[in-house]
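For reference, start.cif is printed below; it contains mmCIF, C-alpha atoms.
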```cif
data_model
loop_
_atom_site.label_atom_id
_atom_site.label_comp_id
_atom_site.auth_asym_id
_atom_site.auth_seq_id
_atom_site.Cartn_x
_atom_site.Cartn_y
_atom_site.Cartn_z
CA MET A 1 0.00 0.00 0.00
CA LYS A 2 1.00 3.60 -0.45
CA LEU A 3 1.63 5.72 2.62
CA LEU A 4 1.37 9.53 2.51
CA TYR A 5 2.72 11.99 5.08
CA PHE A 6 1.80 15.64 5.47
CA ALA A 7 3.05 18.79 7.23
CA TRP A 8 5.49 18.28 10.12
CA LEU A 9 5.21 14.50 9.84
CA ARG A 10 6.46 14.77 6.25
CA GLU A 11 9.29 17.05 7.39
CA ARG A 12 10.39 14.90 10.29
CA LEU A 13 10.36 11.72 8.21
CA ASN A 14 11.98 13.51 5.28
CA ARG A 15 9.60 11.92 2.75
CA ASP A 16 6.09 12.62 1.51
CA GLU A 17 5.23 9.07 0.45
CA GLU A 18 6.47 5.51 0.39
CA GLU A 19 5.35 2.03 -0.57
CA ILE A 20 4.97 -0.31 2.39
CA ASP A 21 4.14 -3.96 2.83
CA PRO A 22 3.32 -4.47 6.51
CA PRO A 23 3.07 -8.01 7.95
CA ALA A 24 -0.28 -9.70 8.49
CA GLU A 25 -0.40 -8.89 12.22
CA VAL A 26 -0.70 -5.19 11.36
CA VAL A 27 -4.49 -5.01 11.26
CA THR A 28 -5.52 -1.48 12.25
CA VAL A 29 -4.24 2.05 11.67
CA GLY A 30 -2.98 2.02 15.25
CA ASP A 31 -1.05 -1.20 14.58
CA LEU A 32 0.48 0.40 11.51
CA ILE A 33 1.65 3.43 13.49
CA GLN A 34 3.33 1.16 16.05
CA TRP A 35 4.90 -0.93 13.28
CA LEU A 36 6.26 2.20 11.59
CA ARG A 37 7.74 3.32 14.91
CA GLY A 38 9.64 0.08 15.18
CA ARG A 39 11.21 0.47 11.74
CA ASP A 40 13.40 3.51 12.31
CA GLU A 41 14.31 6.09 14.89
CA ALA A 42 12.95 9.09 12.98
CA ALA A 43 9.53 7.44 12.72
CA ASP A 44 9.64 6.44 16.38
CA LEU A 45 10.21 10.08 17.36
CA ALA A 46 7.74 11.58 14.87
CA LEU A 47 4.96 9.19 15.87
CA GLN A 48 5.63 9.03 19.60
CA LYS A 49 2.36 10.83 20.38
CA PRO A 50 -0.19 8.86 18.36
CA GLU A 51 -2.95 11.14 19.67
CA LEU A 52 -1.44 13.91 17.51
CA VAL A 53 -1.61 11.75 14.40
CA LYS A 54 -4.73 11.66 12.25
CA ALA A 55 -5.29 9.06 9.59
CA ALA A 56 -7.19 8.57 6.35
CA LEU A 57 -7.76 5.41 4.31
CA ASP A 58 -8.36 6.01 0.61
CA ALA A 59 -9.10 9.69 1.34
CA LYS A 60 -11.63 9.03 4.11
CA ILE A 61 -10.75 10.02 7.68
CA VAL A 62 -10.75 7.08 10.10
CA ARG A 63 -10.00 6.39 13.74
CA HIS A 64 -6.91 4.52 14.87
CA ASP A 65 -8.96 1.40 15.57
CA ALA A 66 -10.13 1.21 11.93
CA PRO A 67 -8.95 -1.92 10.08
CA LEU A 68 -6.64 -1.23 7.14
CA GLY A 69 -8.63 -3.73 5.09
CA ASP A 70 -7.64 -3.50 1.46
CA ALA A 71 -6.99 0.24 1.49
CA LYS A 72 -4.62 1.31 -1.28
CA VAL A 73 -3.61 4.66 0.21
CA VAL A 74 -3.01 5.37 3.89
CA ALA A 75 -2.36 8.98 4.92
CA LEU A 76 -0.93 10.11 8.26
CA PHE A 77 -1.01 13.78 9.22
CA PRO A 78 -1.12 16.20 12.16
CA PRO A 79 -4.36 17.88 13.32
CA MET A 80 -5.72 20.00 10.48
CA THR A 81 -5.49 23.80 10.42
CA GLY A 82 -7.77 24.89 7.60
CA GLY A 83 -9.94 27.96 7.15
CA MET B 1 -26.64 24.06 -5.25
CA GLN B 2 -23.21 23.59 -3.71
CA THR B 3 -19.79 24.54 -5.00
CA VAL B 4 -16.33 23.70 -3.66
CA ARG B 5 -13.19 25.13 -5.23
CA LEU B 6 -9.65 24.38 -4.09
CA GLN B 7 -7.05 26.44 -5.87
CA GLN B 8 -3.59 27.93 -5.71
CA ALA B 9 -4.55 30.99 -7.73
CA PRO B 10 -5.77 34.14 -5.96
CA PHE B 11 -9.46 34.95 -6.09
CA ASP B 12 -11.34 38.25 -5.97
CA PRO B 13 -13.72 38.19 -2.98
CA GLY B 14 -15.85 41.00 -4.38
CA ALA B 15 -16.27 39.38 -7.78
CA GLU B 16 -17.04 36.03 -6.13
CA THR B 17 -19.65 37.68 -3.92
CA ASN B 18 -21.30 39.42 -6.85
CA ALA B 19 -21.40 36.22 -8.89
CA PHE B 20 -22.93 34.40 -5.92
CA LEU B 21 -25.57 37.10 -5.40
CA ALA B 22 -26.43 37.16 -9.08
CA GLU B 23 -28.16 33.79 -8.77
CA SER B 24 -30.22 34.37 -5.67
CA ALA B 25 -33.08 32.01 -6.53
CA GLY B 26 -35.50 34.04 -4.44
CA ALA B 27 -33.37 33.94 -1.28
CA GLY B 28 -33.79 36.70 1.29
CA ALA B 29 -30.33 36.48 2.83
CA ALA B 30 -26.74 35.88 1.81
CA VAL B 31 -23.79 35.78 4.21
CA THR B 32 -20.27 35.85 2.85
CA PHE B 33 -17.09 35.47 4.91
CA THR B 34 -13.51 36.04 3.75
CA GLY B 35 -10.55 34.76 5.77
CA LEU B 36 -7.26 36.65 5.25
CA VAL B 37 -3.61 35.96 5.99
CA ARG B 38 -2.95 37.74 9.25
CA THR B 39 0.10 39.52 10.59
CA SER B 40 0.74 41.96 13.43
CA PRO B 41 3.60 44.25 14.47
CA GLY B 42 4.35 42.14 17.55
CA ASP B 43 4.26 38.85 15.68
CA PRO B 44 5.07 39.52 12.04
CA VAL B 45 4.32 36.91 9.41
CA GLN B 46 6.12 37.22 6.07
CA THR B 47 4.25 34.50 4.19
CA LEU B 48 1.82 31.72 4.98
CA THR B 49 2.10 28.39 3.17
CA LEU B 50 -0.87 26.05 3.16
CA GLU B 51 -0.25 22.39 2.43
CA CYS B 52 -3.28 20.47 1.19
CA TYR B 53 -4.32 16.85 0.72
CA ARG B 54 -6.56 17.61 -2.23
CA GLU B 55 -8.49 14.38 -2.59
CA LEU B 56 -9.33 14.27 1.11
CA ALA B 57 -10.16 18.00 1.10
CA GLU B 58 -12.67 17.48 -1.70
CA ASN B 59 -14.33 14.67 0.26
CA GLN B 60 -14.30 16.46 3.61
CA ILE B 61 -15.46 19.86 2.37
CA GLY B 62 -18.05 18.33 0.03
CA ALA B 63 -19.55 16.45 2.99
CA MET B 64 -19.58 19.47 5.30
CA VAL B 65 -21.20 21.68 2.67
CA ALA B 66 -23.84 19.01 2.01
CA GLU B 67 -24.57 18.84 5.74
CA ALA B 68 -24.83 22.63 5.98
CA MET B 69 -27.23 22.71 3.03
CA THR B 70 -29.57 20.25 4.73
CA ARG B 71 -29.21 21.42 8.29
CA PHE B 72 -29.76 25.13 7.60
CA SER B 73 -32.03 24.79 4.56
CA LEU B 74 -29.54 26.68 2.43
CA LEU B 75 -30.44 27.45 -1.16
CA ARG B 76 -26.79 27.79 -2.18
CA ALA B 77 -23.44 27.34 -0.51
CA THR B 78 -19.94 27.90 -1.83
CA VAL B 79 -16.50 27.30 -0.32
CA ILE B 80 -13.36 28.59 -2.03
CA HIS B 81 -10.10 27.60 -0.32
CA ARG B 82 -6.59 28.41 -1.45
CA TYR B 83 -3.36 26.55 -0.84
CA GLY B 84 0.27 27.32 -1.65
CA THR B 85 2.19 30.37 -0.47
CA LEU B 86 0.26 33.56 0.38
CA ARG B 87 1.21 36.98 1.71
CA PRO B 88 -0.43 38.91 4.58
CA GLY B 89 -3.70 40.46 3.53
CA GLU B 90 -4.39 37.91 0.80
CA PRO B 91 -7.70 36.05 0.96
CA ILE B 92 -7.31 32.40 2.00
CA VAL B 93 -10.89 31.25 2.16
CA GLN B 94 -14.33 32.44 1.18
CA VAL B 95 -17.53 30.91 2.52
CA MET B 96 -20.91 31.99 1.12
CA ALA B 97 -24.32 30.83 2.26
CA MET B 98 -27.71 31.78 0.91
CA ALA B 99 -31.03 31.04 2.62
CA PRO B 100 -34.61 32.28 2.71
CA HIS B 101 -33.89 34.12 6.00
CA ARG B 102 -30.80 35.60 7.62
CA GLY B 103 -30.62 33.30 10.66
CA ASP B 104 -29.90 30.23 8.57
CA ALA B 105 -27.52 32.10 6.27
CA PHE B 106 -25.43 33.33 9.25
CA ALA B 107 -25.51 29.92 10.94
CA GLY B 108 -24.68 28.05 7.74
CA ALA B 109 -21.62 30.22 7.06
CA GLU B 110 -20.40 29.98 10.65
CA PHE B 111 -20.91 26.21 10.72
CA LEU B 112 -18.84 25.86 7.55
CA MET B 113 -16.01 28.04 8.88
CA ASP B 114 -15.91 26.17 12.19
CA TYR B 115 -15.67 22.84 10.36
CA LEU B 116 -13.09 24.08 7.86
CA LYS B 117 -10.77 25.06 10.74
CA THR B 118 -10.63 21.56 12.21
CA ASP B 119 -11.82 19.11 9.54
CA ALA B 120 -10.41 20.36 6.24
CA PRO B 121 -7.00 18.82 5.48
CA PHE B 122 -4.86 21.92 5.20
CA TRP B 123 -1.76 22.59 7.27
CA LYS B 124 -0.45 26.13 7.74
CA GLN B 125 3.16 27.09 8.07
CA GLU B 126 4.11 30.70 8.80
CA GLN B 127 7.38 32.18 7.62
CA THR B 128 8.56 34.63 10.29
CA PRO B 129 11.76 36.64 10.91
CA ASP B 130 12.73 33.82 13.34
CA GLY B 131 12.20 31.12 10.72
CA PRO B 132 9.30 28.89 9.69
CA ARG B 133 6.79 27.54 12.19
CA TRP B 134 3.83 25.21 11.83
CA VAL B 135 0.56 26.65 13.09
CA ASP B 136 -0.78 24.46 15.90
CA ALA B 137 -4.37 23.29 15.93
CA ARG B 138 -6.21 25.38 18.53
CA GLU B 139 -8.39 23.99 21.30
CA GLU B 140 -10.80 26.92 20.78
CA ASP B 141 -11.34 25.80 17.18
CA SER B 142 -12.27 22.28 18.26
CA ALA B 143 -14.64 23.71 20.86
CA ALA B 144 -16.22 25.99 18.24
CA ARG B 145 -16.83 22.99 15.99
CA ASP B 146 -18.09 20.76 18.78
CA ARG B 147 -20.88 23.12 19.83
CA TRP B 148 -22.59 22.23 16.53
CA SER B 149 -22.79 18.55 17.48
CA SER B 150 -24.88 19.08 20.62
CA ASP B 151 -27.93 19.78 18.52
CA GLY B 152 -27.37 23.33 17.88
#
```

Structure rendered as structure tokens:
Amino acid sequence: MKLLYFAWLRERLNRDEEEIDPPAEVVTVGDLIQWLRGRDEAADLALQKPELVKAALDAKIVRHDAPLGDAKVVALFPPMTGG
Amino acid sequence: MQTVRLQQAPFDPGAETNAFLAESAGAGAAVTFTGLVRTSPGDPVQTLTLECYRELAENQIGAMVAEAMTRFSLLRATVIHRYGTLRPGEPIVQVMAMAPHRGDAFAGAEFLMDYLKTDAPFWKQEQTPDGPRWVDAREEDSAARDRWSSDG
């Protein structure tokens, strides 16, 4: 699946997207965030407060307990500041 | 009728307002709001850059406009939102709501602005004399949005 990062998450991870292939035990968005943290130190630091990380699956906002299912695009981003 | 436009190009708030008013469909009230890039002598901002997740923004804003149309019996609603790099004084966002009576037009426009602040996927970064800084989400903005979910 494709993973997108925005705003200070993108900056801290130094990439705006990547292809990932998480193992089968990564079921929910929350699982994915923990799995990403385990992969490298920058991700561990950037994602250390999961409550500050919002998520969308295929351009629909979801909670961290949402199953990834067969989503093609996962986006992680900080709280939004529109308007 | 609802319209959502996400664009990098500047827009003319007066021309947008006039075009909106030109198709009033019998409405008695139109409320238009323009949000501008702010700066102040004590906390100068040189430019404001808005990052946008376009596909999600189209979904999110489309849904909030549809809800406003139903909830406030709006006859028309339009949201124009810019992204990219803007200078102080430039319009960022324009919200326009048209209804038979003013109460619903005011409420519809305010509802849309409150939701845009917290639920539209834009992220603001200010360029200041001390360097760039990301604008934090504000607790007051979440509270302003949440008052709409307790039935009114």

Inset, instruction - Would you write out, as a count of residues only, every residue that the PyMOL selection byres ((chain B) within 10 of (chain A)) captures in this file? - result: 44

Inset, instruction - Using all atoms listed in the file, find the one residue out of A:Pro22, A:Gly38, A:Pro50, A:Pro67 that sits nearest to Leu3 in chain A. - result: A:Pro22

Inset, instruction - Could you tell me which residues the PyMOL selection byres ((chain B and resi 101) around 10) grabs in this file, written as a count of residues only? - result: 14

Inset, instruction - Considering all atoms listed in the file, state which residue in the set B:Ser142, B:Gln8, B:Gln127, B:Ser40 is at the smallest distance from Gly89 in chain B. - result: B:Ser40

Inset, instruction - Run the PyMOL selection byres ((chain A and resi 32-35) around 10) against the file shown and list the residues it catches, as a PyMOL selection string. - result: chain A and resi 22-23+25-31+36-40+43-44+47-48+50+53+55+64+67-68+74+76

Legend entry - Residue neighbourhood Arg12 in chain A, 7 Å, all atoms listed in the file, exclusion window fewer than 2 positions, as a PyMOL selection string: chain A and resi 8-10+14+42+46

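The environment of Leu48 in chain B within 9 Å, counting all atoms listed in the file and disregarding residues fewer than 3 places along the same chain, consists of Val37, Arg38, Val45, Gly84, Thr85, Leu86, Arg87, Pro88, Lys124, Gln125, Glu126 and Gln127 of chain B.
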
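Interatomic distance, CA of Ala97 in chain B against CA of Gly26 in chain B: 13.4 Å.
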
Inset, instruction - Kindly give the distance, in Å, that separates CA of Glu19 in chain A and CA of Lys54 in chain A, rounded to a single decimal. - result: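 For CA of Glu19 in chain A relative to CA of Lys54 in chain A, the distance reads 18.9 Å.
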
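You will find CA of Thr70 in chain B at 18.3 Å from CA of Thr32 in chain B.
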
Inset, instruction - May I have the residues within 9 Å of Met69 in chain B as a PyMOL selection string, using all atoms listed in the file and disregarding those fewer than 4 positions away in the same chain? - result: chain B and resi 1-2+64-65+73-77+97+108
